[in-house]
Structures are given as structure tokens and as C-alpha cells.
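What follows is the content of entry_1.txt, which has compact mmCIF, C-alpha atoms:
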# COMPACT_ATOMS: atom_id res chain seq x y z
CA MET A 1 -8.60 -5.23 17.15
CA LEU A 2 -8.44 -6.99 13.79
CA GLN A 3 -6.36 -5.01 11.26
CA HIS A 4 -6.59 -5.05 7.45
CA THR A 5 -5.16 -3.15 4.51
CA LEU A 6 -7.75 -0.87 2.92
CA GLY A 7 -7.32 -2.02 -0.64
CA ARG A 8 -5.27 0.12 -2.99
CA THR A 9 -5.11 2.98 -0.48
CA GLY A 10 -2.37 1.04 1.29
CA ARG A 11 -3.73 2.25 4.64
CA THR A 12 -4.04 -0.09 7.59
CA VAL A 13 -7.46 0.19 9.21
CA SER A 14 -9.40 -1.55 11.94
CA GLY A 15 -11.50 -4.50 10.84
CA ILE A 16 -14.44 -2.89 12.63
CA GLY A 17 -14.93 0.71 11.56
CA LEU A 18 -17.68 3.20 12.31
CA GLY A 19 -20.48 4.26 10.01
CA THR A 20 -21.62 7.79 10.86
CA TRP A 21 -24.92 8.14 9.01
CA GLN A 22 -26.51 8.07 12.47
CA LEU A 23 -24.59 11.20 13.46
CA GLY A 24 -26.12 13.10 10.55
CA ALA A 25 -29.76 12.13 10.08
CA ASP A 26 -32.37 9.46 9.33
CA TRP A 27 -31.88 7.34 12.47
CA GLY A 28 -33.73 9.49 14.96
CA ASP A 29 -32.14 12.35 16.88
CA VAL A 30 -28.52 12.19 18.04
CA SER A 31 -27.26 15.24 19.92
CA GLU A 32 -23.85 16.75 19.21
CA ALA A 33 -22.67 15.74 22.68
CA ASP A 34 -23.76 12.15 22.07
CA ALA A 35 -22.08 12.21 18.64
CA PHE A 36 -18.77 13.32 20.18
CA ALA A 37 -19.11 10.61 22.82
CA VAL A 38 -19.61 8.02 20.07
CA LEU A 39 -16.43 9.15 18.30
CA ASP A 40 -14.47 9.17 21.57
CA ALA A 41 -15.61 5.65 22.40
CA ALA A 42 -14.78 4.39 18.91
CA ALA A 43 -11.22 5.74 19.08
CA ASP A 44 -10.77 4.36 22.60
CA ALA A 45 -11.84 0.93 21.34
CA GLY A 46 -9.25 0.93 18.55
CA VAL A 47 -11.51 1.92 15.66
CA THR A 48 -9.38 3.73 13.05
CA PHE A 49 -11.83 4.06 10.14
CA PHE A 50 -14.84 6.39 10.01
CA ASP A 51 -17.23 6.45 7.05
CA THR A 52 -19.40 9.47 6.31
CA ALA A 53 -21.01 11.34 3.39
CA ASP A 54 -21.65 14.93 2.40
CA VAL A 55 -25.42 14.38 2.56
CA TYR A 56 -25.60 12.86 6.03
CA GLY A 57 -27.48 15.63 7.76
CA ASP A 58 -26.48 17.99 4.92
CA GLY A 59 -22.88 17.85 6.11
CA ARG A 60 -23.56 17.54 9.85
CA SER A 61 -21.84 14.16 10.10
CA GLU A 62 -18.74 15.44 8.28
CA SER A 63 -18.62 18.59 10.40
CA ILE A 64 -18.86 16.66 13.66
CA ILE A 65 -16.02 14.38 12.57
CA GLY A 66 -13.98 17.41 11.50
CA ALA A 67 -14.46 19.12 14.83
CA TRP A 68 -13.65 15.92 16.72
CA ARG A 69 -10.56 15.29 14.62
CA GLY A 70 -9.37 18.84 15.31
CA SER A 71 -9.53 18.14 19.03
CA ASN A 72 -7.81 14.77 18.69
CA GLU A 73 -4.75 15.46 16.59
CA GLY A 74 -2.36 12.53 16.47
CA VAL A 75 -5.09 9.89 16.83
CA PRO A 76 -4.60 7.40 13.94
CA LEU A 77 -7.65 7.70 11.73
CA SER A 78 -8.78 7.33 8.14
CA VAL A 79 -11.99 9.08 7.12
CA ALA A 80 -13.93 8.17 4.00
CA THR A 81 -16.62 10.45 2.66
CA LYS A 82 -18.90 10.29 -0.37
CA MET A 83 -20.19 12.59 -3.10
CA VAL A 84 -22.76 12.99 -5.92
CA ARG A 85 -25.97 12.69 -3.89
CA ARG A 86 -26.13 16.47 -3.58
CA ALA A 87 -27.03 16.50 -7.28
CA ASP A 88 -30.63 16.19 -8.49
CA GLU A 89 -29.63 12.93 -10.18
CA PRO A 90 -26.48 10.95 -9.27
CA ASP A 91 -25.55 10.37 -12.90
CA SER A 92 -22.74 11.12 -15.33
CA ALA A 93 -24.20 14.50 -16.21
CA ALA A 94 -23.80 15.56 -12.57
CA LEU A 95 -20.32 14.10 -12.23
CA THR A 96 -18.41 16.86 -13.95
CA ILE A 97 -15.03 17.83 -12.56
CA GLU A 98 -16.49 21.26 -11.71
CA ASN A 99 -19.17 19.68 -9.52
CA MET A 100 -16.68 17.29 -7.99
CA ARG A 101 -14.49 20.26 -7.03
CA LEU A 102 -17.46 21.99 -5.38
CA TRP A 103 -18.45 18.87 -3.44
CA THR A 104 -14.94 17.92 -2.36
CA ASP A 105 -14.09 21.50 -1.38
CA ARG A 106 -17.17 21.52 0.85
CA SER A 107 -16.17 18.17 2.37
CA ARG A 108 -12.63 19.39 2.95
CA ARG A 109 -13.98 22.40 4.83
CA ASN A 110 -16.35 20.24 6.87
CA LEU A 111 -13.65 17.69 7.68
CA ARG A 112 -11.00 20.39 8.18
CA VAL A 113 -8.41 18.78 5.92
CA ASP A 114 -6.56 19.76 2.77
CA THR A 115 -6.57 16.24 1.32
CA LEU A 116 -9.49 13.87 1.80
CA ASP A 117 -8.36 10.36 2.75
CA LEU A 118 -10.90 8.59 0.55
CA VAL A 119 -13.81 9.85 -1.53
CA GLN A 120 -16.46 7.44 -2.76
CA LEU A 121 -19.04 7.94 -5.48
CA HIS A 122 -22.25 7.59 -3.50
CA CYS A 123 -24.33 4.92 -5.22
CA PRO A 124 -24.37 6.62 -8.62
CA ARG A 125 -26.52 5.48 -11.53
CA THR A 126 -25.30 2.28 -13.17
CA GLU A 127 -24.27 4.05 -16.37
CA VAL A 128 -21.57 5.96 -14.46
CA TYR A 129 -19.35 2.90 -14.16
CA ALA A 130 -18.82 2.82 -17.94
CA ASN A 131 -18.00 6.53 -18.23
CA ASP A 132 -14.26 7.11 -18.69
CA ARG A 133 -14.65 10.88 -18.27
CA VAL A 134 -15.87 10.46 -14.69
CA PHE A 135 -12.92 8.31 -13.67
CA ASP A 136 -10.45 10.52 -15.52
CA ALA A 137 -11.73 13.43 -13.45
CA LEU A 138 -11.26 11.44 -10.25
CA ASP A 139 -7.71 10.64 -11.30
CA THR A 140 -7.12 14.37 -11.84
CA LEU A 141 -8.34 15.21 -8.33
CA VAL A 142 -6.01 12.61 -6.87
CA ALA A 143 -3.09 14.05 -8.86
CA GLU A 144 -3.96 17.52 -7.56
CA GLY A 145 -4.00 16.37 -3.95
CA VAL A 146 -7.70 17.01 -3.38
CA MET A 147 -8.11 13.39 -2.35
CA ALA A 148 -5.62 10.65 -1.60
CA ALA A 149 -7.72 7.90 -3.16
CA TYR A 150 -11.20 7.21 -4.48
CA GLY A 151 -13.68 4.39 -4.46
CA VAL A 152 -17.33 3.68 -5.06
CA SER A 153 -20.32 2.80 -2.95
CA VAL A 154 -22.59 0.50 -4.94
CA GLU A 155 -26.07 -0.96 -4.73
CA THR A 156 -25.55 -4.08 -6.85
CA CYS A 157 -22.98 -6.80 -7.36
CA ALA A 158 -22.93 -6.03 -11.09
CA GLU A 159 -21.94 -2.43 -10.33
CA ALA A 160 -19.25 -3.65 -7.94
CA LEU A 161 -17.72 -5.88 -10.60
CA ARG A 162 -17.66 -2.99 -13.09
CA ALA A 163 -15.94 -0.80 -10.51
CA ILE A 164 -13.38 -3.48 -9.65
CA ALA A 165 -12.33 -3.49 -13.32
CA ARG A 166 -11.36 0.21 -13.04
CA PRO A 167 -7.60 0.55 -12.37
CA GLY A 168 -7.92 3.69 -10.23
CA VAL A 169 -10.62 2.39 -7.89
CA ALA A 170 -9.15 1.71 -4.44
CA THR A 171 -12.24 0.49 -2.57
CA VAL A 172 -15.78 -0.75 -3.12
CA GLN A 173 -18.45 -0.27 -0.47
CA ILE A 174 -21.31 -2.76 -0.64
CA ILE A 175 -23.97 -4.26 1.62
CA VAL A 176 -22.70 -7.54 3.07
CA ASN A 177 -24.22 -9.31 6.03
CA ALA A 178 -25.64 -12.67 7.05
CA PHE A 179 -28.90 -11.76 5.32
CA ARG A 180 -27.22 -10.50 2.10
CA LEU A 181 -24.81 -13.14 0.81
CA LYS A 182 -24.72 -12.50 -2.94
CA PRO A 183 -21.42 -10.51 -2.75
CA LEU A 184 -19.70 -13.68 -1.53
CA ASP A 185 -20.29 -15.35 -4.90
CA GLN A 186 -18.20 -13.09 -7.17
CA VAL A 187 -17.57 -9.64 -5.70
CA LEU A 188 -15.41 -10.53 -2.70
CA PRO A 189 -13.18 -12.95 -4.66
CA ALA A 190 -12.77 -10.46 -7.52
CA ALA A 191 -11.92 -7.61 -5.14
CA GLU A 192 -9.40 -9.72 -3.26
CA ALA A 193 -7.72 -10.79 -6.51
CA ALA A 194 -7.52 -7.15 -7.69
CA GLY A 195 -6.24 -5.79 -4.39
CA ILE A 196 -9.36 -3.65 -3.89
CA GLY A 197 -10.68 -3.10 -0.39
CA ILE A 198 -14.24 -4.05 0.46
CA ILE A 199 -16.03 -1.77 2.91
CA ALA A 200 -19.01 -3.74 4.21
CA ARG A 201 -22.00 -1.59 5.09
CA VAL A 202 -25.34 -2.41 6.75
CA PRO A 203 -23.62 -5.36 8.50
CA LEU A 204 -26.42 -5.74 11.06
CA ALA A 205 -29.24 -5.42 8.50
CA SER A 206 -30.35 -2.12 10.07
CA GLY A 207 -30.41 -3.76 13.49
CA LEU A 208 -32.27 -6.96 12.61
CA LEU A 209 -29.19 -9.09 13.26
CA THR A 210 -28.95 -7.85 16.84
CA GLY A 211 -31.87 -10.16 17.58
CA ARG A 212 -33.50 -7.46 19.69
CA TYR A 213 -36.49 -6.71 17.49
CA ASP A 214 -39.88 -8.37 17.40
CA ARG A 215 -42.84 -7.94 15.08
CA GLY A 216 -44.16 -5.10 17.22
CA THR A 217 -40.94 -3.04 17.27
CA THR A 218 -41.47 0.53 16.04
CA PHE A 219 -39.07 3.31 15.06
CA ALA A 220 -39.19 7.10 15.16
CA ALA A 221 -40.89 8.88 12.27
CA ASN A 222 -37.55 10.38 11.16
CA ASP A 223 -35.84 6.97 11.20
CA HIS A 224 -35.48 5.39 7.74
CA ARG A 225 -36.61 2.09 9.25
CA SER A 226 -40.02 3.74 9.41
CA PHE A 227 -40.13 5.89 6.29
CA ASN A 228 -38.19 3.69 3.86
CA ARG A 229 -39.55 0.28 4.82
CA HIS A 230 -40.67 -0.30 1.23
CA GLY A 231 -38.21 1.93 -0.61
CA GLU A 232 -40.28 5.10 -0.44
CA ALA A 233 -37.25 7.43 -0.09
CA PHE A 234 -34.27 5.49 -1.52
CA ASP A 235 -33.23 1.97 -2.47
CA VAL A 236 -35.09 -0.45 -0.22
CA GLY A 237 -31.94 -2.55 0.00
CA GLU A 238 -30.49 0.06 2.37
CA THR A 239 -33.23 -0.61 4.95
CA PHE A 240 -33.18 -4.03 6.65
CA SER A 241 -31.00 -5.11 3.69
CA GLY A 242 -34.15 -5.26 1.60
CA VAL A 243 -35.60 -8.20 3.51
CA ASP A 244 -39.15 -8.31 4.78
CA PHE A 245 -39.13 -7.08 8.37
CA GLU A 246 -41.33 -9.82 9.82
CA ARG A 247 -39.39 -12.52 7.99
CA GLY A 248 -36.18 -10.92 9.18
CA VAL A 249 -37.30 -11.05 12.80
CA GLU A 250 -37.87 -14.80 12.45
CA ALA A 251 -34.50 -15.35 10.80
CA ALA A 252 -32.76 -13.22 13.44
CA ARG A 253 -33.95 -15.58 16.17
CA ALA A 254 -32.42 -18.49 14.30
CA PHE A 255 -29.19 -16.52 13.77
CA ALA A 256 -29.02 -15.68 17.48
CA ALA A 257 -29.21 -19.40 18.27
CA LEU A 258 -26.38 -20.07 15.80
CA ALA A 259 -24.28 -17.36 17.45
CA ALA A 260 -25.02 -18.67 20.95
CA ALA A 261 -23.72 -22.10 19.91
CA SER A 262 -20.40 -20.34 19.23
CA GLY A 263 -20.50 -18.57 22.58
CA LEU A 264 -21.30 -15.13 21.12
CA ASP A 265 -24.22 -12.75 21.18
CA ALA A 266 -25.93 -12.15 17.85
CA SER A 267 -24.47 -8.69 17.16
CA THR A 268 -20.90 -9.72 17.88
CA ALA A 269 -21.20 -12.83 15.75
CA ALA A 270 -22.78 -10.94 12.84
CA LEU A 271 -20.05 -8.30 12.77
CA ALA A 272 -17.17 -10.70 13.38
CA TRP A 273 -18.35 -13.03 10.64
CA VAL A 274 -18.36 -10.24 8.03
CA ALA A 275 -15.05 -8.81 9.24
CA GLN A 276 -13.42 -12.23 8.87
CA LEU A 277 -14.60 -12.82 5.31
CA PRO A 278 -11.71 -12.98 2.79
CA GLY A 279 -11.58 -9.73 0.86
CA VAL A 280 -13.32 -7.55 3.46
CA SER A 281 -11.14 -4.65 4.66
CA THR A 282 -13.47 -3.11 7.22
CA VAL A 283 -17.06 -3.31 8.42
CA ILE A 284 -18.92 -0.11 9.23
CA PRO A 285 -21.73 -0.60 11.72
CA GLY A 286 -23.33 2.61 12.89
CA ALA A 287 -23.91 3.59 16.49
CA ARG A 288 -26.10 6.11 18.28
CA ASN A 289 -24.52 5.73 21.73
CA VAL A 290 -21.35 4.65 23.52
CA ALA A 291 -22.68 1.22 24.49
CA GLN A 292 -23.35 0.37 20.85
CA VAL A 293 -19.86 1.50 19.82
CA ARG A 294 -18.18 -0.66 22.44
CA ALA A 295 -20.30 -3.68 21.62
CA ASN A 296 -19.57 -3.30 17.91
CA ALA A 297 -15.83 -2.88 18.42
CA ALA A 298 -15.67 -6.03 20.54
CA ALA A 299 -16.41 -8.04 17.40
CA GLY A 300 -12.96 -7.10 16.12
CA GLU A 301 -11.43 -9.19 18.88
CA ALA A 302 -13.54 -12.34 18.33
CA GLY A 303 -11.77 -15.55 17.42
CA PRO A 304 -12.23 -17.22 14.03
CA LEU A 305 -15.81 -18.39 13.50
CA GLY A 306 -14.84 -21.04 10.98
CA ALA A 307 -16.42 -22.94 8.13
CA ALA A 308 -19.19 -24.55 10.18
CA PHE A 309 -20.54 -21.17 11.20
CA THR A 310 -20.52 -20.02 7.57
CA GLU A 311 -22.41 -23.15 6.58
CA GLY A 312 -25.02 -22.29 9.19
CA VAL A 313 -25.31 -18.74 7.85
CA ARG A 314 -25.78 -20.04 4.31
CA ALA A 315 -28.44 -22.47 5.46
CA LEU A 316 -30.42 -19.67 7.10
CA TYR A 317 -30.06 -17.51 3.99
CA ASP A 318 -31.30 -20.34 1.78
CA GLU A 319 -34.28 -20.94 4.04
CA TYR A 320 -35.39 -17.37 4.65
CA PHE A 321 -34.11 -15.04 1.94
CA ARG A 322 -32.43 -16.46 -1.16
CA ALA A 323 -35.55 -16.83 -3.30
CA ALA A 324 -36.83 -13.37 -2.41
CA ILE A 325 -33.71 -11.19 -2.63
CA HIS A 326 -30.80 -12.96 -4.28
CA PRO A 327 -31.79 -11.83 -7.80
CA SER A 328 -32.33 -8.21 -6.72
CA TRP A 329 -28.89 -6.77 -5.99

Represent the structure from my file as C-alpha cells, please.
Amino acid sequence: MLQHTLGRTGRTVSGIGLGTWQLGADWGDVSEADAFAVLDAAADAGVTFFDTADVYGDGRSESIIGAWRGSNEGVPLSVATKMVRRADEPDSAALTIENMRLWTDRSRRNLRVDTLDLVQLHCPRTEVYANDRVFDALDTLVAEGVMAAYGVSVETCAEALRAIARPGVATVQIIVNAFRLKPLDQVLPAAEAAGIGIIARVPLASGLLTGRYDRGTTFAANDHRSFNRHGEAFDVGETFSGVDFERGVEAARAFAALAAASGLDASTAALAWVAQLPGVSTVIPGARNVAQVRANAAAGEAGPLGAAFTEGVRALYDEYFRAAIHPSW
């Protein structure tokens, strides 16, 4: 498994991690037994980084990880969680140190730890990145041992660049995949230069890059790929990376052909390509079952894809998506 340093945390983590939104909510139903099987399979495959949030299933994802971790003491693992989305508005007014203590105490109970490995601000309002008080409070919580390090999960490249300028920020989580290339322009180089870890989320564009969907594919009513197709519930960029579904299906066929020319299936190529980008610490595909976990983890063992593959990815992006989405995030 590919190994990277997780930015200013200094931790070594697997290049392919595990996103656990699926174990909480919004991706259809995942039983507790299936969730434990997913975590078992991830650890067996060499995955050493789990990403969660306090709002995934109102703490269900955190609690499942906490219970699993309690039964698997000694397994090398870093767990990142997130906070602020329990507030009515994820803004500076909500990000008081009193609220942060409440949220992190709840996460510590759920995860069954005294010190959280990494806490990320969960896509807060843009104005937060300029607020010294917020980051001073985070520094205080690190000094007190509530968390070992903190980072941010952002929606836009502009927010990422503001966060990278903050001396206490250890990591930046951002959407990066073959259908969302804007972070390659400035964010990844700036993060690498600053020693900040990039956590790449939505690496398969909500499944589009698996190449398994067609125009008639449907999703459960409680799956965000049904109810947030046009940004009805949260930022549309979180669902299919903000690309039009039908257009994405077409582009995914072309990407699958590009991957096949390199001897890989589409999913493996998509994950391996992001994991191999300079500046990326770990990639966090989600999984609802053991087969998905194993397939995702295999991407961490793929050989270098090289410059020609990247040129092919850029050509597809220019043809299908650049005009529509590049200005957006």
C-alpha cells in the first residue's frame, strides 16, 4: 500500500484511506454488521486512515468506528472527524470555543478516545477562514490535548488557499478527481510547498468514475445521489462532483477506455491517479460493502500512471467539464 505523510500531523497514513459517510447516512441503508465488515476489510487491506464527521448519521459513523477501534486495539489507525455542521449555520458565530468543546467532547465519546487524531472544520462559511479567533480557539484545544491536530474541509480552491496560509492548519480536505481538476492548478502545489496534507474526497465522483452507471441508473430515495442531484440539500459539488449526471456518464465511458489502455479498470485508475498526485496525502473513497473496500484499496498498489495518463485526463476534462464547472469551485 502506498504510504504518505499526513501533512503537519507528521503521521504516516495509507495513500488510500476510507471515507465513512456511507456508514452514517445518505447513501442508502448500511447495517451495523456490514459497517463492521467494511472496517475489518479496510484494515486487512492496509488502510490506516478513516475519515468521518459528527453529523454522519448524527454520530452513527463515529460510534461505529469507536466500537470497532475498541475491539481492534493495536491496529495502526488515524481517524479524522469534523465539526461545525451541527450548528444552524457553519459560521464564525457558531465556532466559539464553548461550542467546539461540546462538539469535540461528543466526538471523543463516540470515538472512545481522549485525544482526537485530527479534527476538521466541516466546510464552514468562507468568512471563517479570515477569523483569527476561530483558529486561536483551535490552537487552544490542541494545547489542551483535546485534539492532536486540526484541519479544514473546504468547498472551493479559494478557501483552500486561505486555509493553507494559516500556520496551525495541518490538512486540507478538498474534492479532487478526474472530473474536478481545478485543485491541481494552485491548491496542490501550495499545500505541498507548505507541508500541508491534502485529503482528497469524492475521488470517484460519487461513483461516476467506476464506469458502471448509465443514463437509466437510479438510486435509493435516501441516497444523496437522488435527493441532492441539483444541490437541493447541500452544495451540489458534493454530488457527482457537481457535473451533470448524463454528461458524466458519457465522460466515464471515455475514462474507462483510457484506464483500460493502462491495463486497469476505471475505479482503480481513478483512485490511483489521485493518490499519486504530488501533494496528496490520502484519498478517501467510501464503501458500502467488503468488495468495494478491497477494490478501492487495490489502487494503492498500482504502479505509476505517468504523464501520458494525466494528459489524457486533462483532455477529457477540457472536452466534457472545464467550461461548465471550472469557474465554480

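The nearest approach to Ile284 of chain A among the residues A:Asp114, A:Asp51, A:Asp214, A:Asp139, with all atoms listed in the file taken into account, belongs to A:Asp51.
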
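The nearest approach to Ala43 of chain A among the residues A:Arg322, A:Arg60, A:His4, A:Arg294, with all atoms listed in the file taken into account, belongs to A:Arg294.
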
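When all atoms listed in the file are used to measure the gap to Gly207 of chain A, the shortest distance among A:Leu258, A:Val47, A:Ala130, A:Ala287 belongs to A:Ala287.
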
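With distances restricted to all atoms listed in the file, A:Ala178 is the closest residue to Phe255 of chain A from A:Ile199, A:Ala178, A:Val38, A:Leu305.
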
Expressed in Å to a single decimal, how great is the separation between atom CA of Gly248 of chain A and atom CA of Val290 of chain A?
25.8 Å

Ref. answer, residues at most 10 Å from (-14.3, -6.4, 18.4) with only C-alpha atoms, as a PyMOL selection string
chain A and resi 1-2+14-17+45-47+268-269+271-272+275+293-303

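Residues with at least one atom no more than 12 Å from (-37.5, -2.9, 17.2), using all atoms listed in the file, are Ser206, Gly207, Leu208, Leu209, Thr210, Gly211, Arg212, Tyr213, Asp214, Arg215, Gly216, Thr217, Thr218, Phe219, Ala220, Asp223, Arg225, Ser226, Phe240, Phe245, Glu246, Gly248, Val249 and Ala252 of chain A.
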
Got a sec: who's within 12 Å of Ala315 of chain A, counting all atoms listed in the file, leaving out chain neighbours fewer than 4 positions off, as a PDB file with C-alpha atoms, in the coordinates of the input?
ATOM      1  CA  ALA A 178     -25.640 -12.670   7.050  1.00  0.00           C
ATOM      2  CA  PHE A 179     -28.900 -11.760   5.320  1.00  0.00           C
ATOM      3  CA  LEU A 181     -24.810 -13.140   0.810  1.00  0.00           C
ATOM      4  CA  ALA A 251     -34.500 -15.350  10.800  1.00  0.00           C
ATOM      5  CA  ALA A 254     -32.420 -18.490  14.300  1.00  0.00           C
ATOM      6  CA  PHE A 255     -29.190 -16.520  13.770  1.00  0.00           C
ATOM      7  CA  LEU A 258     -26.380 -20.070  15.800  1.00  0.00           C
ATOM      8  CA  ALA A 308     -19.190 -24.550  10.180  1.00  0.00           C
ATOM      9  CA  PHE A 309     -20.540 -21.170  11.200  1.00  0.00           C
ATOM     10  CA  THR A 310     -20.520 -20.020   7.570  1.00  0.00           C
ATOM     11  CA  GLU A 311     -22.410 -23.150   6.580  1.00  0.00           C
ATOM     12  CA  GLU A 319     -34.280 -20.940   4.040  1.00  0.00           C
ATOM     13  CA  TYR A 320     -35.390 -17.370   4.650  1.00  0.00           C
ATOM     14  CA  PHE A 321     -34.110 -15.040   1.940  1.00  0.00           C
ATOM     15  CA  ARG A 322     -32.430 -16.460  -1.160  1.00  0.00           C
TER      16      ARG A 322
END

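With only C-alpha atoms as the atoms that count, the minimum distance from Trp329 of chain A to the choices A:Asn222, A:Thr156, A:Thr96, A:Asn177 is reached by A:Thr156.
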
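The two atoms in question, atom CA of Ala93 of chain A and atom CA of Thr140 of chain A, are spaced 17.6 Å apart.
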
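Of the listed residues A:Gly279, A:Pro183, A:Gly237, A:Gly7, the one whose atoms come nearest to Thr171 of chain A is A:Gly7, with distances taken using all atoms listed in the file.
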
Atom pair atom CA of His224 of chain A + atom CA of Pro203 of chain A, distance 16.0 Å

Long-range neighbours of Val154 of chain A as a PyMOL selection string, 12 Å cut-off, only C-alpha atoms, 3 positions minimum in chain:
chain A and resi 82+90+120-126+128-129+151+157-164+171-176+183+187+198-201+235+237-238+329

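The residue set within 10 Å of segment 70-74 of chain A, counting all atoms listed in the file and dropping same-chain residues fewer than 2 places from it, reads A:Asp40, A:Ala43, A:Ile64, A:Ile65, A:Gly66, A:Ala67, A:Trp68, A:Pro76, A:Leu77, A:Leu111, A:Arg112, A:Val113.
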
Starting from the sparse input, extend segment 309-329 of chain A to N, CA and C atoms and give the output as an mmCIF file, in the coordinates of the input.
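part.cif written:
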data_model
loop_
_atom_site.group_PDB
_atom_site.id
_atom_site.type_symbol
_atom_site.label_atom_id
_atom_site.label_comp_id
_atom_site.auth_asym_id
_atom_site.auth_seq_id
_atom_site.Cartn_x
_atom_site.Cartn_y
_atom_site.Cartn_z
ATOM 1 N N PHE A 309 -19.664 -22.318 10.970
ATOM 2 C CA PHE A 309 -20.540 -21.170 11.200
ATOM 3 C C PHE A 309 -21.037 -20.619 9.862
ATOM 4 N N THR A 310 -20.131 -20.514 8.897
ATOM 5 C CA THR A 310 -20.520 -20.020 7.570
ATOM 6 C C THR A 310 -21.558 -20.935 6.929
ATOM 7 N N GLU A 311 -21.410 -22.222 7.102
ATOM 8 C CA GLU A 311 -22.410 -23.150 6.580
ATOM 9 C C GLU A 311 -23.769 -22.909 7.224
ATOM 10 N N GLY A 312 -23.765 -22.602 8.515
ATOM 11 C CA GLY A 312 -25.020 -22.290 9.190
ATOM 12 C C GLY A 312 -25.645 -21.007 8.672
ATOM 13 N N VAL A 313 -24.816 -19.991 8.411
ATOM 14 C CA VAL A 313 -25.310 -18.740 7.850
ATOM 15 C C VAL A 313 -25.931 -18.987 6.471
ATOM 16 N N ARG A 314 -25.255 -19.758 5.655
ATOM 17 C CA ARG A 314 -25.780 -20.040 4.310
ATOM 18 C C ARG A 314 -27.091 -20.817 4.386
ATOM 19 N N ALA A 315 -27.201 -21.710 5.324
ATOM 20 C CA ALA A 315 -28.440 -22.470 5.460
ATOM 21 C C ALA A 315 -29.613 -21.562 5.829
ATOM 22 N N LEU A 316 -29.373 -20.620 6.733
ATOM 23 C CA LEU A 316 -30.420 -19.670 7.100
ATOM 24 C C LEU A 316 -30.801 -18.787 5.909
ATOM 25 N N TYR A 317 -29.800 -18.345 5.168
ATOM 26 C CA TYR A 317 -30.060 -17.510 3.990
ATOM 27 C C TYR A 317 -30.904 -18.276 2.975
ATOM 28 N N ASP A 318 -30.548 -19.533 2.742
ATOM 29 C CA ASP A 318 -31.300 -20.340 1.780
ATOM 30 C C ASP A 318 -32.751 -20.522 2.224
ATOM 31 N N GLU A 319 -32.937 -20.696 3.522
ATOM 32 C CA GLU A 319 -34.280 -20.940 4.040
ATOM 33 C C GLU A 319 -35.149 -19.688 4.036
ATOM 34 N N TYR A 320 -34.578 -18.554 4.421
ATOM 35 C CA TYR A 320 -35.390 -17.370 4.650
ATOM 36 C C TYR A 320 -35.377 -16.332 3.528
ATOM 37 N N PHE A 321 -34.268 -16.220 2.784
ATOM 38 C CA PHE A 321 -34.110 -15.040 1.940
ATOM 39 C C PHE A 321 -33.723 -15.262 0.472
ATOM 40 N N ARG A 322 -33.017 -16.335 0.176
ATOM 41 C CA ARG A 322 -32.430 -16.460 -1.160
ATOM 42 C C ARG A 322 -33.451 -16.253 -2.280
ATOM 43 N N ALA A 323 -34.553 -16.919 -2.222
ATOM 44 C CA ALA A 323 -35.550 -16.830 -3.300
ATOM 45 C C ALA A 323 -36.073 -15.423 -3.472
ATOM 46 N N ALA A 324 -36.216 -14.694 -2.366
ATOM 47 C CA ALA A 324 -36.830 -13.370 -2.410
ATOM 48 C C ALA A 324 -35.869 -12.274 -2.828
ATOM 49 N N ILE A 325 -34.594 -12.353 -2.398
ATOM 50 C CA ILE A 325 -33.710 -11.190 -2.630
ATOM 51 C C ILE A 325 -32.465 -11.468 -3.456
ATOM 52 N N HIS A 326 -32.070 -12.715 -3.607
ATOM 53 C CA HIS A 326 -30.800 -12.960 -4.280
ATOM 54 C C HIS A 326 -30.751 -12.379 -5.698
ATOM 55 N N PRO A 327 -31.847 -12.417 -6.454
ATOM 56 C CA PRO A 327 -31.790 -11.830 -7.800
ATOM 57 C C PRO A 327 -31.765 -10.301 -7.832
ATOM 58 N N SER A 328 -32.042 -9.647 -6.712
ATOM 59 C CA SER A 328 -32.330 -8.210 -6.720
ATOM 60 C C SER A 328 -31.094 -7.324 -6.791
ATOM 61 N N TRP A 329 -30.045 -7.668 -6.066
ATOM 62 C CA TRP A 329 -28.890 -6.770 -5.990
ATOM 63 C C TRP A 329 -27.586 -7.453 -6.406
#
